[in-house]
>>> print(open('input15.cif').read())   # mmCIF, C-alpha atoms
data_query
loop_
_atom_site.group_PDB
_atom_site.id
_atom_site.type_symbol
_atom_site.label_atom_id
_atom_site.label_comp_id
_atom_site.auth_asym_id
_atom_site.auth_seq_id
_atom_site.Cartn_x
_atom_site.Cartn_y
_atom_site.Cartn_z
ATOM 1 C CA GLU L 1 1.554 4.557 -5.102
ATOM 2 C CA ILE L 2 0.032 4.350 -1.631
ATOM 3 C CA ASP L 3 0.545 7.948 -0.492
ATOM 4 C CA ALA L 4 -2.966 9.423 -0.580
ATOM 5 C CA PRO L 5 -3.503 12.847 1.001
ATOM 6 C CA ARG L 6 -4.700 12.645 4.607
ATOM 7 C CA SER L 7 -6.413 15.182 6.763
ATOM 8 C CA LYS L 8 -4.052 16.963 9.154
ATOM 9 C CA HIS L 9 -6.676 16.488 11.803
ATOM 10 C CA ILE L 10 -6.603 12.704 11.430
ATOM 11 C CA ALA L 11 -2.815 12.527 11.244
ATOM 12 C CA GLN L 12 -2.546 14.468 14.494
ATOM 13 C CA THR L 13 -4.898 12.075 16.299
ATOM 14 C CA HIS L 14 -2.971 8.846 15.815
ATOM 15 C CA SER L 15 -3.437 7.907 19.470
ATOM 16 C CA LEU L 16 -7.228 7.509 19.521
ATOM 17 C CA ARG L 17 -7.232 5.182 22.519
ATOM 18 C CA ALA L 18 -6.333 8.025 24.868
ATOM 19 C CA LEU L 19 -9.328 10.117 23.812
ATOM 20 C CA THR L 20 -12.735 10.235 25.444
ATOM 21 C CA HIS L 21 -15.852 9.244 23.537
ATOM 22 C CA ASP L 22 -16.890 12.900 23.084
ATOM 23 C CA GLN L 23 -13.456 13.902 21.808
ATOM 24 C CA LEU L 24 -13.364 10.996 19.381
ATOM 25 C CA SER L 25 -16.865 11.749 18.093
ATOM 26 C CA LYS L 26 -15.910 15.385 17.499
ATOM 27 C CA ILE L 27 -12.723 14.399 15.647
ATOM 28 C CA CYS L 28 -14.599 12.002 13.404
ATOM 29 C CA GLN L 29 -17.355 14.579 12.766
ATOM 30 C CA ASN L 30 -14.788 17.239 11.865
ATOM 31 C CA ALA L 31 -13.035 14.814 9.530
ATOM 32 C CA MET L 32 -16.323 13.940 7.850
ATOM 33 C CA GLU L 33 -17.186 17.643 7.389
ATOM 34 C CA PHE L 34 -13.729 18.256 5.930
ATOM 35 C CA ASP L 35 -14.137 15.292 3.592
ATOM 36 C CA ASN L 36 -17.649 16.371 2.575
ATOM 37 C CA SER L 37 -16.257 19.762 1.609
ATOM 38 C CA GLY L 38 -14.617 17.982 -1.326
ATOM 39 C CA LEU L 39 -11.093 18.869 -0.260
ATOM 40 C CA ILE L 40 -10.050 15.282 0.354
ATOM 41 C CA ASN L 41 -12.392 13.090 -1.644
ATOM 42 C CA PRO L 42 -13.615 14.852 -4.783
ATOM 43 C CA GLY L 43 -15.072 11.757 -6.428
ATOM 44 C CA PHE L 44 -12.386 9.436 -5.027
ATOM 45 C CA LYS L 45 -9.341 10.814 -6.793
ATOM 46 C CA SER L 46 -6.525 9.044 -5.021
ATOM 47 C CA THR L 47 -3.403 7.069 -5.736
ATOM 48 C CA TYR L 48 -5.063 4.107 -4.014
ATOM 49 C CA LYS L 49 -6.715 1.563 -6.260
ATOM 50 C CA LEU L 50 -10.267 0.435 -5.554
ATOM 51 C CA GLY L 51 -10.008 -1.976 -2.615
ATOM 52 C CA PRO L 52 -11.097 -5.649 -2.680
ATOM 53 C CA ALA L 53 -13.786 -4.989 -0.047
ATOM 54 C CA ASN L 54 -15.898 -3.271 -2.706
ATOM 55 C CA GLY L 55 -16.518 -6.594 -4.437
ATOM 56 C CA MET L 56 -17.269 -8.612 -1.300
ATOM 57 C CA SER L 57 -20.598 -9.332 0.358
ATOM 58 C CA ASN L 58 -21.604 -7.521 3.541
ATOM 59 C CA LYS L 59 -21.790 -10.863 5.348
ATOM 60 C CA ASP L 60 -18.154 -11.706 4.537
ATOM 61 C CA LEU L 61 -16.936 -8.227 5.456
ATOM 62 C CA ILE L 62 -18.789 -8.240 8.779
ATOM 63 C CA ARG L 63 -17.253 -11.616 9.580
ATOM 64 C CA LYS L 64 -13.767 -10.231 8.872
ATOM 65 C CA LEU L 65 -14.416 -7.055 10.885
ATOM 66 C CA ARG L 66 -15.501 -9.102 13.908
ATOM 67 C CA CYS L 67 -12.130 -10.863 14.038
ATOM 68 C CA LYS L 68 -9.087 -9.373 15.698
ATOM 69 C CA PRO L 69 -7.163 -7.333 13.116
ATOM 70 C CA LYS L 70 -3.992 -9.367 13.657
ATOM 71 C CA ASP L 71 -5.893 -12.494 12.542
ATOM 72 C CA VAL L 72 -7.087 -10.963 9.242
ATOM 73 C CA PRO L 73 -4.289 -10.251 6.738
ATOM 74 C CA GLU L 74 -6.318 -7.505 5.021
ATOM 75 C CA MET L 75 -6.652 -5.633 8.316
ATOM 76 C CA LYS L 76 -3.429 -6.479 10.104
ATOM 77 C CA THR L 77 -1.961 -2.994 9.724
ATOM 78 C CA LYS L 78 -3.553 0.421 9.327
ATOM 79 C CA GLU L 79 -2.165 0.657 5.820
ATOM 80 C CA SER L 80 -3.504 -2.759 4.769
ATOM 81 C CA PHE L 81 -6.912 -1.797 6.238
ATOM 82 C CA ARG L 82 -6.852 1.407 4.163
ATOM 83 C CA ARG L 83 -5.904 -0.458 0.982
ATOM 84 C CA PHE L 84 -8.562 -3.121 1.551
ATOM 85 C CA PHE L 85 -11.435 -0.636 2.020
ATOM 86 C CA ALA L 86 -10.303 2.081 -0.429
ATOM 87 C CA GLY L 87 -13.227 3.499 -2.393
ATOM 88 C CA ILE L 88 -15.982 1.971 -0.250
ATOM 89 C CA ARG L 89 -19.152 4.019 0.170
ATOM 90 C CA GLN L 90 -19.314 5.868 3.476
ATOM 91 C CA ASP L 91 -22.835 4.674 4.344
ATOM 92 C CA ARG L 92 -21.901 1.051 3.636
ATOM 93 C CA MET L 93 -18.760 1.269 5.767
ATOM 94 C CA GLU L 94 -20.702 2.738 8.678
ATOM 95 C CA TYR L 95 -23.277 -0.047 8.371
ATOM 96 C CA LEU L 96 -20.563 -2.730 8.281
ATOM 97 C CA LEU L 97 -18.754 -1.338 11.309
ATOM 98 C CA ARG L 98 -21.946 -0.996 13.363
ATOM 99 C CA ALA L 99 -23.063 -4.517 12.425
ATOM 100 C CA ALA L 100 -19.649 -5.973 13.253
ATOM 101 C CA ASN L 101 -19.603 -4.282 16.650
ATOM 102 C CA SER L 102 -23.241 -4.832 17.587
ATOM 103 C CA GLY L 103 -23.942 -6.375 20.947
ATOM 104 C CA GLY L 104 -21.607 -4.127 22.887
ATOM 105 C CA GLU L 105 -22.110 -0.939 24.845
ATOM 106 C CA ASP L 106 -23.259 1.971 22.694
ATOM 107 C CA CYS L 107 -20.379 4.258 23.659
ATOM 108 C CA LEU L 108 -17.818 1.537 22.879
ATOM 109 C CA ILE L 109 -19.473 0.803 19.544
ATOM 110 C CA GLU L 110 -19.348 4.493 18.603
ATOM 111 C CA MET L 111 -15.683 4.722 19.594
ATOM 112 C CA LYS L 112 -14.761 1.655 17.536
ATOM 113 C CA VAL L 113 -16.746 2.881 14.541
ATOM 114 C CA ALA L 114 -15.222 6.375 14.758
ATOM 115 C CA LYS L 115 -11.709 4.963 15.111
ATOM 116 C CA ARG L 116 -11.980 2.832 11.993
ATOM 117 C CA LEU L 117 -13.779 5.502 9.977
ATOM 118 C CA ALA L 118 -11.014 7.949 10.847
ATOM 119 C CA LEU L 119 -8.504 5.579 9.245
ATOM 120 C CA ILE L 120 -10.206 5.713 5.851
ATOM 121 C CA VAL L 121 -12.179 8.959 5.866
ATOM 122 C CA ASP L 122 -10.146 10.272 2.925
ATOM 123 C CA LEU L 123 -10.672 7.083 0.887
ATOM 124 C CA MET L 124 -14.454 6.665 1.137
ATOM 125 C CA THR L 125 -16.973 7.772 -1.465
ATOM 126 C CA THR L 126 -20.353 9.306 -0.740
#
>>> encode(input="input15.cif", output="structure tokens")
Amino acid sequence: EIDAPRSKHIAQTHSLRALTHDQLSKICQNAMEFDNSGLINPGFKSTYKLGPANGMSNKDLIRKLRCKPKDVPEMKTKESFRRFFAGIRQDRMEYLLRAANSGGEDCLIEMKVAKRLALIVDLMTT
């Protein structure tokens, strides 16, 4: 039930920490272009159910995103993160991630945002 199709590009880049900011930005951009082509997310047709994050307030989600993933059950693993945010709008997710990571260096913020977006690029709606 949880096996949604994933971009080959994302699956091959499981070790995002070793990448530079420019490489990570390019990977995320390529994934977004692939997703926008409709090959991955044609109206959110997936075996994932709509995630609980869709019904939560931005304030609550930002608070959860600011915590360490190991301290938040919904985000403890990559798979639980994907299930929790399945079906969320892309623009909302970007806003949440930027708000949760605000106050840091711009390049670090972009890397964190790109890393998390890459996890759910195939599960977001436009």
>>> residues_around(input="input15.cif", residues="L:Arg82", least_positions_apart="3", cutoff="7 Å", atoms="only C-alpha atoms", output="number ranges by chain")
L: 78-79, 85-86, 119-120
>>> resolve_selection(input="input15.cif", expression="the PyMOL selection byres ((chain L and resi 62) around 12)", output="list in words")
Ala53, Met56, Ser57, Asn58, Lys59, Asp60, Leu61, Arg63, Lys64, Leu65, Arg66, Cys67, Lys68, Arg92, Met93, Glu94, Tyr95, Leu96, Leu97, Arg98, Ala99, Ala100, Asn101 and Ser102 of chain L
>>> closest_residue(input="input15.cif", among="L:Glu105, L:Asp122, L:Glu110, L:Glu74", to="L:Pro52", atoms="all atoms listed in the file")
L:Glu74
>>> atom_distance(input="input15.cif", atom1="atom CA of L:Met124", atom2="atom CA of L:Gly103")
25.5 Å
>>> atom_distance(input="input15.cif", atom1="atom CA of L:Ala118", atom2="atom CA of L:Leu50")
18.1 Å
>>> atom_distance(input="input15.cif", atom1="atom CA of L:Arg83", atom2="atom CA of L:Gly55")
13.4 Å
>>> axis_aligned_box(input="input15.cif", around="stretch 64-75 of chain L", padding_each_side="3 Å", output="JSON")
{"center_x": -9.7, "center_y": -9.1, "center_z": 10.4, "size_x": 17.5, "size_y": 12.9, "size_z": 16.7}
>>> closest_residue(input="input15.cif", among="L:Thr77, L:Lys49, L:Asp106, L:Thr125", to="L:Gln90", atoms="all atoms listed in the file")
L:Thr125
